[in-house]
Structure formats: structure tokens, C-alpha cells
Amino acid sequence: MSSSGRNNSPAYGNGPGVSHPKALQRREHLSRRSLLRTLALGAGVAPVLPNLGRHFLSPAQAATGGIRRMIFVNNPNGIPGTGEDMFNHWFYKPGPTFKTGQFGHILAPLERHRDEMVVMQNLEPYHLYDTQGGSDSHTCAMIEALTGNFEALTPGVPGRGRVASVDWHLSQTVGKMLTPQFPMLMTGVQCGGESSTILENGERYFGHNMNPYDLYQKLFANLVQSGDMNAGPDPKLLARLARRKSALDYVAKDLTEFQKRLSGSERARAELQLESIRTLEQRLGSGVTMPGGGARCGKPVLTPQSLEWKPPNSRNVAELAVMMNDIVVSALSCGLTNLVSMQNYGGGDHQSTCNFAPVNTTIVPGTSYQGQSWHALSHGDGDPTGAFFKAAKVWVSTMVADLADKLKAIPEGDGTMLDNTLILMYQEYGCGHDHFAYQLATVGGKNMGVKVGRYLKCGDIGPGKGMKVPRLLVSLLNLMGVPVEKWGPLDTGSGPLPTFAA
């Protein structure tokens, strides 16, 4: 595990333009780190507030209490065939501007969110193209997706990562500190056999919850007195909120005293921190009503109540995925967690079938395609048009668009929840089953500093010709307040992805 994720990074110190006399530095009245720990008041309400100094909040984030959220969504396998023409057809064909570029099959469902997106082409992980006795290609690709590093080549122990995936690392740092009850929400459909989530020890995590009814109970059983969205909040919940609000009052007083020691722009920037705390106080004081007049925090209504979720039965997958989206949005809006990993199907899994509309609407009854796994569809298996696989890939994008729609529908501060939430839709392969030329996209995150409405060409097509995936992973970690410059033992430390974020 790289030590770059530790809190001893210089980025945790005083930022540019902020100078404090040594006498003030020795005072223990207000410690930056203790302030952040105080703000982490338990699961459910505390936002990610950057440290004082370099990490002062932007005005947009201050207006929402400094909330930062991230959702990782896997769209398994890559794009059939090779070459620029296939990418143009399936993913994105660049134009003179991002608005004039053409969204291909996979991105088409996200067209209505174009202005909130960043489309990236030709990223690649650090990959040993001679696997040297490593795992099968699919396992290796799943390990690389969110680590950016080729698997650890341990004799007799295949399928281990060299470094934790960024979703897991965030859950163990930011997540455990701010929402310890639910450091990261891990959901999925038909994903028991594959995972891109890698633990600190290099092992793959296969615990994504495919059962929406179980996940519902774990998240919302104690939130309100009944399953009714309009029910009053649990008195115990209100008591917890009152205690947290009292602690915030104390922190605000300390920050006010600290602000008196500053002058000029530093004082103005400290005021943003105070505004963020005032916003959070108002949010807590109003029970469980969201800021900006948004949707009331409460349990989502799960209907119908008897969908079959267990693999390999997949006839209810489309409905299950929508239900999972509803659960995710409710959990985020209630502040139960700020991190989500959604694993829908998986790269090399043969056990999960794709017998659900719209994927199976093109399958001719009686052919060998009835009951095929996602993995089989990704290989084409005699289907030169790729119609089945295309329907599956487009379906995942449709679910991402549905998730973005629901986040955008909830006002938050001066914008919406989508402005404070970054969705990453990633593929573990690029060309066919090759480990290069990743085609990726993000939605949202404008208030987090993401420069939305843009296309980034991250190198060319071909092994060794693309920009390395850790550049994007470093950007994601930085956006969530983790100040790293590289990720993983193979990374040469070139910093974040250029121009992705402010």
C-alpha cells in the first residue's frame, strides 16, 4: 500500500497564502485535524469539510455544507473490435467542440446530461502485457480498473491487487471518519462472481449487496417510525441530530475565534467555513428535511415487494436496478453515506444471465443466446452485429442516466445533489479485451471542482500510448479531500489528470 494516502502529506499543512505565527501554531485552542474529527459526528449527517488552509471550501460547496459524494458504476467489458472507428460508433466521436461531438451507443442515454459530463478516451493502467503467469485476462482487468496497477504476481496466489481500489480506500478513510455506520454503500445486480473493489491486503471484495430488501432494512429500519415516506422522524434520530447540532455550535464558536486571527482574503475564506457550518445547523434543525427545499429524507418505497434477485434468475434485473438507484439516492440524501460502489454484472462471470428486457428483446427464441451470460455476450459468439452486447452496455448507461436524473431532481444549496455528487462510469477493458484505450465518463460533480461539459483525449489507441489510469484515480481522491500525488507501487507520481478538475 502506498504511503501517499497517509495524513502526513504536506497538503494537510498550511496552504498557499496562509501564514500563522509559530505562537499561534502552538496553541491547541483549534487544531485543524481535531476540527475535522469533531465535524465527523457519526453516520447520517456530517459532510466532508476540507481542512483549513489549502482546502478552504469554494462558494458553491460552502452553500451546501461542503458535501462531496462519489458513485462508482461498472459497465462491464470493453468495446467490440479495435480502432478509432469502433470507438466513434460505440462511445464518442469528437467534434470541433464537446457539444458538437457525437455520443455513440453507450453514451446516448446520457445525452440529456451532456453539460454535466466529462468524456475521457484512451486511459490505460500500468499493465504487464506478458501476464507472466498471472490471472486470466478478465480477473486481471477487474483488478486494474480502480487500482490502475497490474495484479500482484504472487506464486500460487492469483487474483490479488498491488494496491487498494480507490473506492475501498475512500471508504476506509473518508467514509469511516464521516459516516462510520455506512462507510460505503455497496450494491449490485447479478454480480456475485466479479468485483472491481480491492481491499488493502490486495484481496478482491465480493460483498456487494444484490438483495434490495435486505439493503433497505439495513439502511432505513431506524430512520423513520414506519415505511411511509411522509412519516415523522424517529424521536431517537431527532435526539442524535440535536446532539450533533450542539457539537457544531461549539465548533462554530471556535472557528469564529480563529477567524479573528486572520486578515484579508484568509478571513473571507474562513467565512465560507462558517457558512457551511450554519447551513448544516439549519439542516439538522429542520429534522430530516433537505436543504434548498429538497425532498424529505425518508425511506424509499419499494414496489413490487417480491422481485427475484438471486442469480442466475435475471428476469427482474431492470426493475431491481431502478430500485437500487432509489435506495442509493435516499441513502445519499439522508446523509447515511457519501460513497457508493455499484457492481452490475461482472467481466468474466459465466453464472449471471441476461434474460431481461431490453437485453433479451433481440434474442430469437430457440437460439443459443437464450440464457447467456454477460461474459458470453461480450465475446459475440457468432453474433457479428453485437446487438445483444450493445443492448446490455446501453442498459447500464440508461441506469446511470436514471441515477443522475434522480440526483438532479433534488435541490441542494444553490444547485442540486448532482452538482455535489460525481458518478464515474468505468469499463475494465478498452478495445475488445485489451488492457488499453479505456473509454470512461463522469456525470456531475460541478460544485466539487470538476470541469464539466468537456472531452479529454488522454493519449492514443495502442499499448503504452495512453495516459495512465492513476492520473484519474488521483484526481478522484483529491476531489474527496485525500491529498495524494500517485496511486500504487507502479505509479511514477505524475499527479492528477490534467484539466479534469480545478
# chains A, B, ... in the order shown; residues from 1 in each chain; ligands from 1
$ closest_atom_pairs --of "region 181-201 of chain A" --to "region 136-151 of chain A" --cutoff "8 Å" --atoms "only C-alpha atoms" --output "tab-separated table"
residue	atom	partner	partner_atom	distance
A:Glu194	CA	A:Met142	CA	7.7
A:Ser195	CA	A:Met142	CA	6.6
A:Ser196	CA	A:Met142	CA	4.9
A:Thr197	CA	A:Leu146	CA	7.3
A:Ile198	CA	A:Ile143	CA	6.9
$ write_last_selection --atoms "N, CA and C atoms" --output "CSV table (one decimal), in the first residue's frame"
chain,number,residue,atom,x,y,z
A,194,GLU,N,-18.0,-11.4,-9.7
A,194,GLU,CA,-16.9,-10.5,-10.1
A,194,GLU,C,-17.0,-9.2,-9.2
A,195,SER,N,-15.8,-8.5,-9.2
A,195,SER,CA,-15.8,-7.3,-8.4
A,195,SER,C,-14.5,-6.5,-8.8
A,196,SER,N,-14.6,-5.2,-8.8
A,196,SER,CA,-13.5,-4.3,-9.0
A,196,SER,C,-13.0,-3.7,-7.7
A,197,THR,N,-13.7,-4.0,-6.6
A,197,THR,CA,-13.3,-3.5,-5.3
A,197,THR,C,-12.2,-4.3,-4.7
A,198,ILE,N,-11.0,-3.7,-4.5
A,198,ILE,CA,-9.9,-4.4,-4.0
A,198,ILE,C,-9.5,-3.9,-2.6
$ residues_around --residues "Ser475 (chain A)" --least-positions-apart "4" --cutoff "12 Å" --atoms "only C-alpha atoms" --output "list in words"
Val166, Leu422, Leu424, Met448, Gly449, Val450, Lys451, Val469, Pro470, Arg471, Leu479, Met480, Gly481, Val482, Pro483, Val484, Glu485, Lys486, Trp487, Ser494, Gly495, Pro496, Leu497, Pro498, Thr499, Phe500, Ala501 and Ala502 of chain A
$ atom_distance --atom1 "CA of Leu302 (chain A)" --atom2 "CA of Thr416 (chain A)"
23.8 Å
$ residues_around --residues "Ser171 (chain A)" --least-positions-apart "2" --cutoff "10 Å" --atoms "only C-alpha atoms" --output "list in words"
Val166, Asp167, Trp168, His169, Thr173, Val174, Gly175, Lys176, Met177, Leu178, Thr179, Pro180, Phe182, Pro183, Met184, Leu185, Thr337, Asn338, Leu339, Val340 and Ser341 of chain A
$ residues_around --residues "Ser352 (chain A)" --least-positions-apart "5" --cutoff "6 Å" --atoms "only C-alpha atoms" --output "number ranges by chain"
A: 190, 311-312, 373
$ select_by_dssp --residues "region 115-213 of chain A" --states "alpha helix (DSSP H)" --output "list in words"
Ser137, His138, Thr139, Cys140, Ala141, Met142, Ile143, Glu144, Ala145, Val166, Asp167, Trp168, His169, Leu170, Lys176, Met177, Leu178, Pro212 and Tyr213 of chain A
$ write_last_selection --atoms "N, CA and C atoms" --output "compact mmCIF listing (two decimals), in the first residue's frame"
# COMPACT_ATOMS: atom_id res chain seq x y z
N SER A 137 -7.40 -12.99 -18.10
CA SER A 137 -7.49 -11.60 -18.53
C SER A 137 -8.61 -10.84 -17.84
N HIS A 138 -9.76 -11.50 -17.65
CA HIS A 138 -10.89 -10.81 -17.04
C HIS A 138 -10.61 -10.44 -15.58
N THR A 139 -10.06 -11.39 -14.82
CA THR A 139 -9.74 -11.10 -13.42
C THR A 139 -8.72 -9.98 -13.32
N CYS A 140 -7.69 -10.07 -14.16
CA CYS A 140 -6.67 -9.03 -14.14
C CYS A 140 -7.28 -7.67 -14.47
N ALA A 141 -8.16 -7.63 -15.47
CA ALA A 141 -8.77 -6.36 -15.87
C ALA A 141 -9.62 -5.77 -14.76
N MET A 142 -10.37 -6.63 -14.04
CA MET A 142 -11.19 -6.13 -12.94
C MET A 142 -10.31 -5.56 -11.82
N ILE A 143 -9.16 -6.18 -11.60
CA ILE A 143 -8.23 -5.67 -10.58
C ILE A 143 -7.67 -4.32 -10.99
N GLU A 144 -7.38 -4.16 -12.27
CA GLU A 144 -6.76 -2.93 -12.76
C GLU A 144 -7.71 -1.74 -12.78
N ALA A 145 -9.02 -2.00 -12.93
CA ALA A 145 -9.98 -0.93 -13.23
C ALA A 145 -9.90 0.24 -12.26
N VAL A 166 -9.58 2.59 -5.38
CA VAL A 166 -9.85 3.90 -4.78
C VAL A 166 -11.19 3.94 -4.06
N ASP A 167 -12.18 3.17 -4.52
CA ASP A 167 -13.46 3.17 -3.80
C ASP A 167 -13.28 2.62 -2.39
N TRP A 168 -12.52 1.52 -2.28
CA TRP A 168 -12.30 0.94 -0.95
C TRP A 168 -11.46 1.87 -0.08
N HIS A 169 -10.42 2.44 -0.65
CA HIS A 169 -9.57 3.33 0.15
C HIS A 169 -10.37 4.52 0.68
N LEU A 170 -11.23 5.09 -0.14
CA LEU A 170 -12.06 6.19 0.32
C LEU A 170 -13.00 5.74 1.43
N LYS A 176 -15.13 5.99 6.77
CA LYS A 176 -15.15 5.57 8.17
C LYS A 176 -15.12 6.76 9.11
N MET A 177 -14.52 7.87 8.68
CA MET A 177 -14.44 9.03 9.54
C MET A 177 -15.76 9.78 9.58
N LEU A 178 -16.43 9.90 8.44
CA LEU A 178 -17.61 10.76 8.36
C LEU A 178 -18.92 10.01 8.51
N PRO A 212 -32.18 -6.01 -2.65
CA PRO A 212 -32.64 -4.66 -2.28
C PRO A 212 -33.45 -4.63 -0.99
N TYR A 213 -34.14 -5.70 -0.67
CA TYR A 213 -34.96 -5.72 0.53
C TYR A 213 -34.09 -5.78 1.79
$ atom_distance --atom1 "CA of Ala376 (chain A)" --atom2 "CA of Tyr426 (chain A)"
19.6 Å
$ residues_around --residues "Leu110 (chain A)" --least-positions-apart "2" --cutoff "12 Å" --atoms "only C-alpha atoms" --output "PyMOL selection string"
chain A and resi 91-92+102-108+112-119+394-405+423+425+441-444
$ closest_residue --among "A:Gln181, A:Asn209, A:Gln121, A:Thr421" --to "Asn88 (chain A)" --atoms "only C-alpha atoms"
A:Gln121
$ residues_around --residues "Asn313 (chain A)" --least-positions-apart "4" --cutoff "12 Å" --atoms "only C-alpha atoms" --output "ChimeraX atom specification"
/A:189-190,307-309,317,320,351-356,371-373
$ atom_distance --atom1 "CA of Met417 (chain A)" --atom2 "CA of Leu477 (chain A)"
19.4 Å
$ closest_residue --among "A:Met324, A:Ala152, A:Cys191, A:Leu199" --to "Trp374 (chain A)" --atoms "only C-alpha atoms"
A:Cys191
